[in-house]
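Q: Next comes upload-v1.csv, CSV, C-alpha atoms and all ligand atoms:
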chain,number,residue,atom,x,y,z
A,4,MET,CA,-3.6,95.2,-39.6
A,5,LYS,CA,-4.8,98.8,-40.1
A,6,ARG,CA,-8.5,99.9,-39.9
A,7,ILE,CA,-9.1,102.1,-43.0
A,8,LEU,CA,-12.0,104.3,-43.8
A,9,ILE,CA,-12.9,104.7,-47.4
A,10,THR,CA,-15.6,107.3,-48.2
A,11,GLY,CA,-17.3,106.7,-51.5
A,12,GLY,CA,-16.2,103.1,-51.1
A,13,ALA,CA,-19.2,101.7,-53.1
A,14,GLY,CA,-18.3,103.7,-56.2
A,15,PHE,CA,-16.3,102.7,-59.1
A,16,ILE,CA,-12.8,103.5,-57.8
A,17,GLY,CA,-13.7,103.1,-54.1
A,18,SER,CA,-14.8,99.5,-54.6
A,19,HIS,CA,-11.5,98.6,-56.2
A,20,LEU,CA,-9.7,100.2,-53.3
A,21,CYS,CA,-11.8,98.4,-50.7
A,22,GLU,CA,-11.0,95.1,-52.4
A,23,ARG,CA,-7.3,95.8,-52.6
A,24,LEU,CA,-6.9,96.9,-49.0
A,25,LEU,CA,-9.0,94.0,-47.7
A,26,ASN,CA,-6.9,91.5,-49.8
A,27,GLU,CA,-3.8,93.0,-48.1
A,28,GLY,CA,-5.1,92.1,-44.7
A,29,ASN,CA,-6.6,95.4,-43.6
A,30,ASP,CA,-9.9,96.1,-41.8
A,31,VAL,CA,-12.0,98.3,-44.1
A,32,ILE,CA,-14.9,100.6,-43.4
A,33,CYS,CA,-16.7,101.5,-46.6
A,34,LEU,CA,-18.9,104.6,-46.1
A,35,ASP,CA,-21.3,105.6,-48.9
A,36,ASN,CA,-24.7,107.3,-49.4
A,37,PHE,CA,-25.2,105.3,-52.6
A,38,PHE,CA,-25.9,108.4,-54.8
A,39,THR,CA,-23.8,107.0,-57.7
A,40,GLY,CA,-22.3,104.0,-56.0
A,41,SER,CA,-24.0,100.6,-55.9
A,42,LYS,CA,-24.2,97.5,-53.7
A,43,ARG,CA,-23.4,95.5,-56.9
A,44,ASN,CA,-19.8,96.9,-56.7
A,45,ILE,CA,-19.2,95.6,-53.2
A,46,VAL,CA,-21.5,92.6,-52.8
A,47,HIS,CA,-18.6,90.2,-53.1
A,48,LEU,CA,-17.0,91.8,-50.1
A,49,ILE,CA,-20.0,91.7,-47.7
A,50,ASP,CA,-19.2,88.3,-46.3
A,51,ASN,CA,-15.6,89.3,-45.4
A,52,LYS,CA,-15.6,89.8,-41.6
A,53,TYR,CA,-13.1,92.6,-42.0
A,54,PHE,CA,-15.4,94.6,-44.3
A,55,GLU,CA,-18.0,97.0,-42.8
A,56,LEU,CA,-20.5,98.9,-44.8
A,57,VAL,CA,-21.9,102.1,-43.5
A,58,ARG,CA,-24.7,104.1,-45.2
A,59,HIS,CA,-23.8,107.7,-44.4
A,60,ASP,CA,-23.6,111.1,-46.1
A,61,ILE,CA,-20.3,112.8,-45.6
A,62,ILE,CA,-21.9,116.2,-45.4
A,63,ASP,CA,-22.8,115.1,-41.9
A,64,PRO,CA,-20.1,114.5,-39.3
A,65,PHE,CA,-19.0,110.9,-38.9
A,66,LYS,CA,-17.2,109.3,-35.9
A,67,ALA,CA,-15.1,106.2,-36.0
A,68,GLU,CA,-11.7,105.0,-34.7
A,69,VAL,CA,-9.5,104.4,-37.8
A,70,ASP,CA,-5.8,104.5,-38.7
A,71,GLU,CA,-6.1,106.0,-42.2
A,72,ILE,CA,-8.7,107.8,-44.3
A,73,TYR,CA,-9.2,107.8,-48.1
A,74,ASN,CA,-11.7,110.5,-49.1
A,75,LEU,CA,-13.4,109.6,-52.4
A,76,ALA,CA,-17.0,110.4,-51.8
A,77,CYS,CA,-18.2,112.7,-54.6
A,78,PRO,CA,-20.1,112.1,-57.8
A,79,ALA,CA,-17.5,112.2,-60.6
A,80,SER,CA,-19.2,112.2,-63.9
A,81,PRO,CA,-20.5,115.5,-65.4
A,82,VAL,CA,-24.0,114.1,-65.7
A,83,HIS,CA,-24.2,113.1,-62.1
A,84,TYR,CA,-22.4,116.0,-60.5
A,85,GLN,CA,-24.6,118.5,-62.4
A,86,ILE,CA,-27.9,116.9,-61.2
A,87,ASN,CA,-27.7,118.7,-57.9
A,88,PRO,CA,-24.8,121.2,-58.1
A,89,ILE,CA,-25.3,122.6,-54.6
A,90,LYS,CA,-25.1,119.1,-53.1
A,91,THR,CA,-21.9,118.5,-55.2
A,92,VAL,CA,-20.3,121.5,-53.6
A,93,LYS,CA,-21.5,120.5,-50.1
A,94,THR,CA,-20.1,117.0,-50.6
A,95,SER,CA,-16.7,118.3,-51.6
A,96,VAL,CA,-16.5,121.1,-49.0
A,97,MET,CA,-18.5,120.0,-46.0
A,98,GLY,CA,-17.4,116.4,-46.6
A,99,ALA,CA,-13.7,117.5,-46.6
A,100,ILE,CA,-14.3,119.6,-43.4
A,101,ASN,CA,-15.9,116.6,-41.7
A,102,MET,CA,-13.2,114.1,-42.8
A,103,LEU,CA,-10.4,116.5,-42.0
A,104,GLY,CA,-11.9,117.0,-38.5
A,105,LEU,CA,-11.9,113.3,-38.0
A,106,ALA,CA,-8.3,113.0,-39.2
A,107,LYS,CA,-7.2,115.8,-36.9
A,108,ARG,CA,-8.9,114.2,-33.8
A,109,LEU,CA,-7.4,110.8,-34.6
A,110,LYS,CA,-4.0,112.2,-35.8
A,111,VAL,CA,-4.1,110.0,-38.9
A,112,LYS,CA,-3.3,110.4,-42.5
A,113,ILE,CA,-6.0,111.4,-45.0
A,114,LEU,CA,-5.8,111.1,-48.7
A,115,GLN,CA,-8.0,113.3,-50.9
A,116,ALA,CA,-9.1,112.1,-54.3
A,117,SER,CA,-8.8,115.4,-56.2
A,118,THR,CA,-9.0,115.7,-60.0
A,119,SER,CA,-7.5,117.0,-63.2
A,120,GLU,CA,-10.6,119.2,-63.3
A,121,VAL,CA,-8.8,121.6,-61.0
A,122,TYR,CA,-7.0,122.6,-64.2
A,123,GLY,CA,-10.3,123.4,-65.9
A,124,ASP,CA,-9.9,123.9,-69.7
A,125,PRO,CA,-6.1,124.0,-69.5
A,126,GLU,CA,-4.0,126.5,-71.5
A,127,LEU,CA,-0.8,124.6,-70.5
A,128,HIS,CA,-0.2,121.2,-72.0
A,129,PRO,CA,0.6,118.7,-70.6
A,130,GLN,CA,-0.5,119.8,-67.1
A,131,THR,CA,2.0,120.0,-64.3
A,132,GLU,CA,1.1,120.4,-60.7
A,133,ASP,CA,2.3,124.0,-60.5
A,134,TYR,CA,-0.2,125.1,-63.2
A,135,ARG,CA,-3.0,127.0,-61.5
A,136,GLY,CA,-5.7,126.2,-64.0
A,137,ASN,CA,-8.3,127.9,-66.2
A,138,VAL,CA,-11.7,127.2,-64.4
A,139,ASN,CA,-14.9,129.0,-65.2
A,140,CYS,CA,-16.2,129.6,-61.6
A,141,ILE,CA,-19.8,130.2,-62.8
A,142,GLY,CA,-20.1,127.5,-65.4
A,143,PRO,CA,-22.0,124.2,-65.2
A,144,ARG,CA,-18.8,122.3,-64.2
A,145,ALA,CA,-17.9,124.8,-61.5
A,146,CYS,CA,-19.8,122.9,-58.7
A,147,TYR,CA,-17.3,120.0,-59.2
A,148,ASP,CA,-14.2,121.9,-60.2
A,149,GLU,CA,-14.4,124.6,-57.6
A,150,GLY,CA,-15.6,122.2,-55.0
A,151,LYS,CA,-12.5,120.1,-55.5
A,152,ARG,CA,-10.3,123.2,-55.6
A,153,LEU,CA,-11.7,124.4,-52.3
A,154,ALA,CA,-11.3,120.9,-50.9
A,155,GLU,CA,-7.5,121.1,-51.8
A,156,THR,CA,-7.5,124.5,-50.0
A,157,LEU,CA,-9.0,122.9,-46.9
A,158,PHE,CA,-6.6,120.0,-47.0
A,159,THR,CA,-3.5,122.3,-47.2
A,160,SER,CA,-5.0,124.7,-44.6
A,161,TYR,CA,-5.5,121.8,-42.1
A,162,ASN,CA,-2.0,120.7,-42.8
A,163,ARG,CA,-0.5,124.1,-42.2
A,164,GLN,CA,-2.6,125.2,-39.3
A,165,ASN,CA,-3.2,121.9,-37.5
A,166,GLY,CA,-0.4,119.6,-38.7
A,167,VAL,CA,-2.9,117.1,-40.2
A,168,LYS,CA,-1.1,114.6,-42.4
A,169,ILE,CA,-2.5,115.1,-45.8
A,170,LYS,CA,-2.0,113.5,-49.2
A,171,ILE,CA,-3.6,115.0,-52.3
A,172,ILE,CA,-3.7,113.2,-55.7
A,173,ARG,CA,-5.1,114.7,-58.8
A,174,ILE,CA,-6.7,111.9,-60.7
A,175,PHE,CA,-7.0,112.0,-64.5
A,176,ASN,CA,-9.7,110.2,-66.4
A,177,THR,CA,-9.9,106.7,-65.1
A,178,TYR,CA,-11.9,103.7,-66.5
A,179,GLY,CA,-12.4,100.0,-65.9
A,180,PRO,CA,-14.8,97.4,-64.6
A,181,ARG,CA,-17.5,98.7,-62.2
A,182,MET,CA,-17.9,102.1,-63.9
A,183,ASN,CA,-21.6,103.1,-63.6
A,184,PRO,CA,-23.2,102.3,-67.0
A,185,HIS,CA,-25.6,105.2,-66.6
A,186,ASP,CA,-23.2,108.0,-65.5
A,187,GLY,CA,-22.6,109.3,-69.0
A,188,ARG,CA,-18.8,109.0,-69.0
A,189,VAL,CA,-17.3,108.5,-72.3
A,190,VAL,CA,-15.7,105.1,-71.9
A,191,SER,CA,-18.8,103.5,-70.4
A,192,ASN,CA,-21.2,105.2,-72.8
A,193,PHE,CA,-19.2,104.1,-75.9
A,194,ILE,CA,-18.8,100.5,-74.7
A,195,VAL,CA,-22.4,100.1,-73.9
A,196,GLN,CA,-23.4,101.7,-77.1
A,197,ALA,CA,-21.0,99.5,-79.1
A,198,LEU,CA,-22.1,96.3,-77.4
A,199,THR,CA,-25.8,97.1,-78.1
A,200,ASN,CA,-25.0,98.2,-81.7
A,201,SER,CA,-26.5,101.6,-80.9
A,202,ASP,CA,-25.2,104.9,-82.3
A,203,ILE,CA,-21.9,106.1,-80.7
A,204,THR,CA,-22.5,109.6,-79.4
A,205,VAL,CA,-19.4,111.8,-80.0
A,206,TYR,CA,-19.9,115.3,-78.6
A,207,GLY,CA,-18.5,118.1,-80.7
A,208,ASP,CA,-16.2,117.0,-83.5
A,209,GLY,CA,-14.4,114.4,-81.4
A,210,CYS,CA,-11.0,116.1,-81.7
A,211,GLN,CA,-11.0,116.9,-77.9
A,212,THR,CA,-8.5,114.7,-76.1
A,213,ARG,CA,-8.3,112.9,-72.8
A,214,SER,CA,-5.6,110.6,-71.3
A,215,PHE,CA,-7.2,107.4,-70.0
A,216,GLN,CA,-5.8,105.5,-67.0
A,217,TYR,CA,-6.8,101.9,-66.1
A,218,VAL,CA,-8.2,101.7,-62.6
A,219,ASP,CA,-5.6,99.1,-61.3
A,220,ASP,CA,-2.8,101.6,-62.0
A,221,LEU,CA,-4.6,104.3,-60.0
A,222,ILE,CA,-5.2,102.0,-57.0
A,223,CYS,CA,-1.4,101.2,-57.0
A,224,ALA,CA,-0.6,104.9,-57.0
A,225,MET,CA,-3.1,105.6,-54.2
A,226,GLU,CA,-1.4,103.1,-51.9
A,227,LYS,CA,2.0,104.3,-52.8
A,228,MET,CA,1.0,107.9,-52.1
A,229,MET,CA,-0.4,106.9,-48.7
A,230,ILE,CA,2.9,105.5,-47.5
A,231,THR,CA,5.2,108.3,-48.7
A,232,ASP,CA,7.0,110.4,-46.2
A,233,ASP,CA,4.6,112.7,-44.2
A,234,CYS,CA,6.4,115.8,-45.6
A,235,PHE,CA,5.3,114.9,-49.2
A,236,THR,CA,1.7,116.1,-49.3
A,237,GLY,CA,1.2,116.5,-53.0
A,238,PRO,CA,-0.7,117.5,-55.0
A,239,VAL,CA,0.5,114.9,-57.4
A,240,ASN,CA,-0.9,114.1,-60.9
A,241,ILE,CA,-1.9,110.4,-61.3
A,242,GLY,CA,-2.9,109.5,-64.8
A,243,ASN,CA,-1.7,107.8,-68.0
A,244,PRO,CA,-0.1,110.2,-70.4
A,245,GLU,CA,-1.3,108.2,-73.4
A,246,GLU,CA,-3.5,110.9,-75.0
A,247,VAL,CA,-6.3,110.0,-77.5
A,248,SER,CA,-9.0,112.0,-79.1
A,249,VAL,CA,-12.6,111.1,-78.3
A,250,LYS,CA,-13.1,110.1,-82.0
A,251,GLU,CA,-10.1,107.8,-81.8
A,252,LEU,CA,-11.5,106.3,-78.7
A,253,ALA,CA,-14.9,105.6,-80.4
A,254,GLU,CA,-13.1,103.9,-83.3
A,255,LYS,CA,-11.0,101.7,-81.0
A,256,ILE,CA,-14.1,100.6,-79.1
A,257,ILE,CA,-16.0,99.8,-82.4
A,258,ASP,CA,-13.0,97.8,-83.5
A,259,PHE,CA,-12.5,95.9,-80.2
A,260,THR,CA,-16.1,95.0,-79.9
A,261,GLY,CA,-16.7,94.2,-83.6
A,262,SER,CA,-19.7,96.5,-83.3
A,263,LYS,CA,-22.0,97.6,-86.2
A,264,SER,CA,-22.5,100.9,-84.4
A,265,LYS,CA,-22.2,104.2,-86.4
A,266,ILE,CA,-20.6,107.3,-85.0
A,267,ILE,CA,-23.0,110.3,-84.7
A,268,TYR,CA,-22.2,113.8,-83.6
A,269,LYS,CA,-24.0,115.7,-80.8
A,270,PRO,CA,-23.4,119.2,-79.5
A,271,LEU,CA,-20.4,119.7,-77.2
A,272,PRO,CA,-21.4,120.4,-73.6
A,273,ALA,CA,-20.4,123.9,-72.2
A,274,ASP,CA,-16.9,124.3,-70.9
A,275,ASP,CA,-15.8,120.8,-72.1
A,276,PRO,CA,-12.0,120.8,-71.8
A,277,VAL,CA,-10.2,120.7,-75.2
A,278,ARG,CA,-7.1,118.8,-74.2
A,279,ARG,CA,-6.0,116.9,-71.2
A,280,ARG,CA,-2.8,115.0,-70.5
A,281,PRO,CA,-0.9,114.7,-67.2
A,282,ASP,CA,2.8,115.4,-66.7
A,283,ILE,CA,3.6,112.6,-64.3
A,284,SER,CA,7.3,113.5,-63.6
A,285,LEU,CA,6.5,114.2,-60.0
A,286,ALA,CA,4.7,110.8,-59.5
A,287,LYS,CA,7.6,109.0,-61.1
A,288,GLU,CA,10.1,110.8,-58.8
A,289,LYS,CA,8.2,110.7,-55.5
A,290,LEU,CA,6.2,107.4,-55.8
A,291,SER,CA,8.4,105.5,-58.2
A,292,TRP,CA,5.1,104.9,-60.1
A,293,GLN,CA,4.0,105.0,-63.6
A,294,PRO,CA,1.0,103.3,-65.3
A,295,LYS,CA,1.5,99.8,-66.6
A,296,VAL,CA,-1.8,99.1,-68.4
A,297,GLY,CA,-2.1,100.5,-72.0
A,298,ILE,CA,-5.4,101.5,-73.5
A,299,HIS,CA,-5.8,98.3,-75.6
A,300,GLU,CA,-5.4,96.0,-72.6
A,301,GLY,CA,-7.5,98.2,-70.4
A,302,LEU,CA,-10.4,98.6,-72.8
A,303,LYS,CA,-10.5,94.8,-73.5
A,304,LYS,CA,-10.9,94.1,-69.7
A,305,THR,CA,-13.5,96.8,-69.4
A,306,ILE,CA,-15.4,95.6,-72.5
A,307,ALA,CA,-15.4,92.1,-71.0
A,308,TYR,CA,-17.0,93.5,-67.8
A,309,PHE,CA,-19.8,95.3,-69.6
A,310,GLU,CA,-20.5,92.2,-71.7
A,311,GLU,CA,-21.1,90.2,-68.6
A,312,LEU,CA,-23.2,93.0,-67.1
A,313,LEU,CA,-25.4,93.2,-70.2
A,314,LYS,CA,-25.8,89.4,-70.2
A,315,SER,CA,-27.0,89.5,-66.7
A,316,GLU,CA,-29.5,92.2,-67.8
A,317,ASN,CA,-28.6,94.0,-64.6
A,318,ILE,CA,-28.2,97.5,-66.0
A,401,LIG,P1,-18.3,107.2,-58.4
A,401,LIG,O1,-19.4,108.2,-58.6
A,401,LIG,O2,-18.4,105.9,-58.9
A,401,LIG,O3,-18.0,107.1,-56.8
A,401,LIG,C1,-18.3,108.1,-55.9
A,401,LIG,C2,-18.9,107.5,-54.7
A,401,LIG,O4,-19.2,108.5,-53.7
A,401,LIG,C3,-20.2,106.8,-55.0
A,401,LIG,O5,-20.3,105.5,-54.4
A,401,LIG,C4,-21.3,107.7,-54.3
A,401,LIG,O6,-22.5,107.1,-54.0
A,401,LIG,C5,-20.5,108.3,-53.2
A,401,LIG,N1,-21.0,109.6,-52.7
A,401,LIG,C6,-21.3,110.7,-53.4
A,401,LIG,N2,-21.6,111.7,-52.6
A,401,LIG,C7,-21.6,111.2,-51.4
A,401,LIG,C8,-21.8,111.8,-50.1
A,401,LIG,N3,-22.3,113.1,-50.0
A,401,LIG,N4,-21.7,111.0,-49.0
A,401,LIG,C9,-21.2,109.7,-49.1
A,401,LIG,N5,-21.0,109.1,-50.3
A,401,LIG,C10,-21.1,109.9,-51.4
A,401,LIG,O7,-17.0,108.0,-58.9
A,401,LIG,P2,-15.5,107.5,-59.0
A,401,LIG,O8,-15.1,107.6,-60.5
A,401,LIG,O9,-15.3,106.2,-58.3
A,401,LIG,O10,-14.7,108.7,-58.3
A,401,LIG,C11,-14.3,108.5,-57.0
A,401,LIG,C12,-13.5,109.8,-56.6
A,401,LIG,O11,-12.4,110.0,-57.5
A,401,LIG,C13,-14.3,111.0,-56.6
A,401,LIG,O12,-14.0,111.9,-55.6
A,401,LIG,C14,-13.9,111.7,-57.9
A,401,LIG,O13,-14.0,113.1,-57.9
A,401,LIG,C15,-12.5,111.3,-58.0
A,401,LIG,N6,-12.0,111.3,-59.4
A,401,LIG,C16,-12.4,110.3,-60.3
A,401,LIG,C17,-12.0,110.3,-61.6
A,401,LIG,C18,-12.4,109.3,-62.7
A,401,LIG,O14,-12.0,109.4,-63.8
A,401,LIG,N7,-13.2,108.3,-62.3
A,401,LIG,C19,-11.2,111.4,-62.1
A,401,LIG,C20,-10.8,112.3,-61.1
A,401,LIG,C21,-11.2,112.3,-59.8
A,402,LIG,N1,-18.1,112.5,-74.5
A,402,LIG,C1,-18.6,112.1,-75.8
A,402,LIG,N2,-19.7,111.3,-75.8
A,402,LIG,C2,-20.3,110.7,-74.7
A,402,LIG,C3,-19.7,111.1,-73.4
A,402,LIG,C4,-18.7,112.0,-73.4
A,402,LIG,O1,-18.1,112.6,-76.8
A,402,LIG,O2,-21.2,109.9,-74.8
A,402,LIG,C5,-17.0,113.4,-74.5
A,402,LIG,C6,-17.1,114.6,-73.5
A,402,LIG,O3,-17.7,115.7,-74.2
A,402,LIG,C7,-15.7,114.9,-73.2
A,402,LIG,C8,-15.0,113.5,-73.2
A,402,LIG,O4,-15.9,112.7,-73.9
A,402,LIG,O5,-15.1,115.6,-74.2
A,402,LIG,C9,-14.8,112.9,-71.8
A,402,LIG,O6,-16.1,113.0,-71.1
A,402,LIG,P1,-16.3,112.4,-69.7
A,402,LIG,O7,-17.7,112.8,-69.2
A,402,LIG,O8,-16.0,110.9,-69.7
A,402,LIG,O9,-15.2,113.0,-68.8
A,402,LIG,P2,-14.6,114.5,-68.5
A,402,LIG,O10,-15.2,115.5,-69.5
A,402,LIG,O11,-15.0,114.9,-67.2
A,402,LIG,O12,-13.2,114.4,-68.8
If you convert what's in this file into structure tokens, what do you get?

A:
Amino acid sequence: MKRILITGGAGFIGSHLCERLLNEGNDVICLDNFFTGSKRNIVHLIDNKYFELVRHDIIDPFKAEVDEIYNLACPASPVHYQINPIKTVKTSVMGAINMLGLAKRLKVKILQASTSEVYGDPELHPQTEDYRGNVNCIGPRACYDEGKRLAETLFTSYNRQNGVKIKIIRIFNTYGPRMNPHDGRVVSNFIVQALTNSDITVYGDGCQTRSFQYVDDLICAMEKMMITDDCFTGPVNIGNPEEVSVKELAEKIIDFTGSKSKIIYKPLPADDPVRRRPDISLAKEKLSWQPKVGIHEGLKKTIAYFEELLKSENI
């Protein structure tokens, strides 16, 4: 049994990771400040005696004796990370320094949840790990993009300078049950709008693309990455290369929910990336991993989750 620290454990992805690692017989410490996370995501784990919940902000140092660290704490949706951009930078940067310090003292592996946003609005398509990106360092998304880029710099520096065992994954758009219904991300927005027969808000002309990965595939990749040889640090892209336009996504969700919603068009936010699709050759080679859940199956499971949530009037 390992004792594993998961920062951001009460968030969408973190709660799935807590659940998986507990089910595999580990002792899990879930650390969260509940900025975007929710007790609803982890309430079913509270009675497990191997689960520990700690309310803490990773911009402050944290001490514990653990065998592994997954660093996920950071608001991830553009709406939330732009509410307090300075705090977003602090979370990525000071949070990384604190968690890397802990990993250094304990001599344990630490995995960083980085993002496809390090590529910004990419000129190279699909994106490979050696692409250095096209990020506007003074734009509204910079607090997140540059924060995550600097976190990668910190991770690689602690590895080179102090021999800390690091793992960096660059996560592409991920969706599934337990997404925060109020965080403005496209999948949750469209599903809630469709289920309530409200207008579906497509930003811009809807021709911009994303490649959506179901959360179970990501969790599987995270675990595989953690157990790779110490000399493989990443970064490695983790995503589903099935690319769809935002308009196609809206049409699929209307179709799957049988909704009466109409699509309406709203202004495109500044610096919204035009295209995004991962090249996952490296993940295939190093992790023997590729996504298994297609968009139809994944959306159906996610829609079922939001149906239940709306019925419980808990959103
Ligand atoms: P989320 O917002 O649901 O989860 C983030 C969690 O971190 C929340 O529980 C939040 O309360 C917590 N948190 C935020 N700031 C904190 C702080 N200062 N101290 C302690 N806890 C803090 O988002 P998510 O989608 O689950 O994302 C998890 C991680 O994966 C993030 O680091 C995000 O950048 C990364 N990621 C997610 C996606 C995606 O599509 N979901 C894509 C790329 C990268
Ligand atoms: N988007 C949209 N309508 C919404 C929410 C988002 O058209 O109600 C668009 C957004 O402009 C972007 C894409 O969907 O082009 C994905 O947005 P999201 O915030 O989910 O993720 P990110 O932009 O970080 O990839």

Q: Of the residues A:Glu68, A:Asp186, A:Glu126, A:Asp208, which is the one nearest to Tyr84 in chain A, using all atoms listed in the file?

A: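 Nearest candidate to Tyr84 in chain A out of A:Glu68, A:Asp186, A:Glu126, A:Asp208: A:Asp186.
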
Q: Within 10 Å of ligand LIG 402 (chain A), counting all atoms listed in the file, which protein or nucleic acid residues do you find, written as an NGL selection string?

A: :A and (79-83 or 118-120 or 123-124 or 144 or 147-148 or 175-178 or 186-196 or 202-215 or 248-250 or 252-253 or 267-279)

Q: Taking only C-alpha atoms and all ligand atoms into account, which residues have an atom no farther than 7 Å from ligand LIG 401 (chain A)? I'd like them as an MDAnalysis selection string.

A: chainID A and resid 10:17 34:41 59:62 75:80 94 98 116:119 173:178 182:183

Q: Out of A:Lys227, A:Lys151, A:Ile257, A:Gly166, which residue has the shortest atom-to-atom distance to Ser201 in chain A when counting only C-alpha atoms?

A: A:Ile257

Q: My list of candidates is A:Val31, A:Ala197, A:Ile266, A:Leu114. Which is closest to Phe309 in chain A when distances are computed with only C-alpha atoms?

A: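 For Phe309 in chain A, the nearest of the given residues is A:Ala197.
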
Q: Go through A:Ile7, A:Val111, A:Val218, A:Ile172 one by one, measure the shortest atom-to-atom distance of each to Gly237 in chain A using only C-alpha atoms, and give the residue with the smallest value.

A: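 Ranking A:Ile7, A:Val111, A:Val218, A:Ile172 by distance to Gly237 in chain A, first place goes to A:Ile172.
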
Q: Quick one: of A:Lys304, A:Lys66, A:Lys314, A:Arg6, who's nearest to Arg181 in chain A, counting all atoms listed in the file?

A: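 So, comparing all the options, the nearest one is A:Lys304.
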
Q: Choose the residue, out of A:Glu300, A:Asp220, A:Glu245, A:Asp282, that has the smallest atom-to-atom separation from Thr131 in chain A; count all atoms listed in the file.

A: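 Of A:Glu300, A:Asp220, A:Glu245, A:Asp282, the one nearest Thr131 in chain A is A:Asp282, counting all atoms listed in the file.
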
Q: May I ask for the distance between CA of Ile45 in chain A and CA of Val69 in chain A, given in Å to one decimal place?

A: 20.2 Å

Q: Residues near Leu20 in chain A, anyone? I mean within 9 Å using all atoms listed in the file, not counting same-chain ones fewer than 3 positions away, as a count of residues only.

A: 10

Q: Just the residues within 7 Å of range 284-297 of chain A, please, counting only C-alpha atoms, with nothing from its chain fewer than 4 positions along; format it as a PyMOL selection string.

A: chain A and resi 217+220+224+227-228+239-241+243+301

Q: As a PDB file, in the frame of the given file, could you write out range 65-70 of chain A once it has been completed with all heavy atoms?

A:
ATOM      1  N   PHE A  65     -19.021 112.307 -39.057  1.00  0.00           N
ATOM      2  CA  PHE A  65     -19.000 110.900 -38.900  1.00  0.00           C
ATOM      3  C   PHE A  65     -17.885 110.553 -37.849  1.00  0.00           C
ATOM      4  O   PHE A  65     -16.796 111.121 -37.915  1.00  0.00           O
ATOM      5  CB  PHE A  65     -18.662 110.175 -40.213  1.00  0.00           C
ATOM      6  CG  PHE A  65     -18.531 108.686 -40.120  1.00  0.00           C
ATOM      7  CD1 PHE A  65     -19.653 107.880 -39.961  1.00  0.00           C
ATOM      8  CD2 PHE A  65     -17.277 108.072 -40.205  1.00  0.00           C
ATOM      9  CE1 PHE A  65     -19.534 106.499 -39.882  1.00  0.00           C
ATOM     10  CE2 PHE A  65     -17.151 106.697 -40.126  1.00  0.00           C
ATOM     11  CZ  PHE A  65     -18.291 105.902 -39.966  1.00  0.00           C
ATOM     12  N   LYS A  66     -18.186 109.666 -36.922  1.00  0.00           N
ATOM     13  CA  LYS A  66     -17.200 109.300 -35.900  1.00  0.00           C
ATOM     14  C   LYS A  66     -16.834 107.844 -36.022  1.00  0.00           C
ATOM     15  O   LYS A  66     -17.729 106.998 -36.136  1.00  0.00           O
ATOM     16  CB  LYS A  66     -17.736 109.582 -34.509  1.00  0.00           C
ATOM     17  CG  LYS A  66     -17.692 111.042 -34.137  1.00  0.00           C
ATOM     18  CD  LYS A  66     -17.933 111.245 -32.659  1.00  0.00           C
ATOM     19  CE  LYS A  66     -17.873 112.728 -32.339  1.00  0.00           C
ATOM     20  NZ  LYS A  66     -18.580 113.049 -31.121  1.00  0.00           N
ATOM     21  N   ALA A  67     -15.558 107.547 -35.994  1.00  0.00           N
ATOM     22  CA  ALA A  67     -15.100 106.200 -36.000  1.00  0.00           C
ATOM     23  C   ALA A  67     -13.624 106.227 -35.528  1.00  0.00           C
ATOM     24  O   ALA A  67     -12.996 107.288 -35.600  1.00  0.00           O
ATOM     25  CB  ALA A  67     -15.195 105.521 -37.334  1.00  0.00           C
ATOM     26  N   GLU A  68     -13.109 105.100 -35.077  1.00  0.00           N
ATOM     27  CA  GLU A  68     -11.700 105.000 -34.700  1.00  0.00           C
ATOM     28  C   GLU A  68     -10.977 104.312 -35.840  1.00  0.00           C
ATOM     29  O   GLU A  68     -11.200 103.115 -36.032  1.00  0.00           O
ATOM     30  CB  GLU A  68     -11.500 104.283 -33.383  1.00  0.00           C
ATOM     31  CG  GLU A  68     -12.337 104.815 -32.224  1.00  0.00           C
ATOM     32  CD  GLU A  68     -12.144 106.300 -31.971  1.00  0.00           C
ATOM     33  OE1 GLU A  68     -10.988 106.734 -31.854  1.00  0.00           O
ATOM     34  OE2 GLU A  68     -13.162 107.024 -31.904  1.00  0.00           O
ATOM     35  N   VAL A  69     -10.200 105.036 -36.622  1.00  0.00           N
ATOM     36  CA  VAL A  69      -9.500 104.400 -37.800  1.00  0.00           C
ATOM     37  C   VAL A  69      -8.050 104.869 -37.802  1.00  0.00           C
ATOM     38  O   VAL A  69      -7.673 105.834 -37.136  1.00  0.00           O
ATOM     39  CB  VAL A  69     -10.213 104.767 -39.111  1.00  0.00           C
ATOM     40  CG1 VAL A  69     -11.619 104.192 -39.171  1.00  0.00           C
ATOM     41  CG2 VAL A  69     -10.239 106.264 -39.361  1.00  0.00           C
ATOM     42  N   ASP A  70      -7.262 104.168 -38.620  1.00  0.00           N
ATOM     43  CA  ASP A  70      -5.800 104.500 -38.700  1.00  0.00           C
ATOM     44  C   ASP A  70      -5.474 105.293 -39.966  1.00  0.00           C
ATOM     45  O   ASP A  70      -4.371 105.853 -40.065  1.00  0.00           O
ATOM     46  CB  ASP A  70      -5.010 103.173 -38.755  1.00  0.00           C
ATOM     47  CG  ASP A  70      -5.305 102.302 -37.549  1.00  0.00           C
ATOM     48  OD1 ASP A  70      -5.183 102.815 -36.430  1.00  0.00           O
ATOM     49  OD2 ASP A  70      -5.685 101.129 -37.734  1.00  0.00           O
TER      50      ASP A  70
END
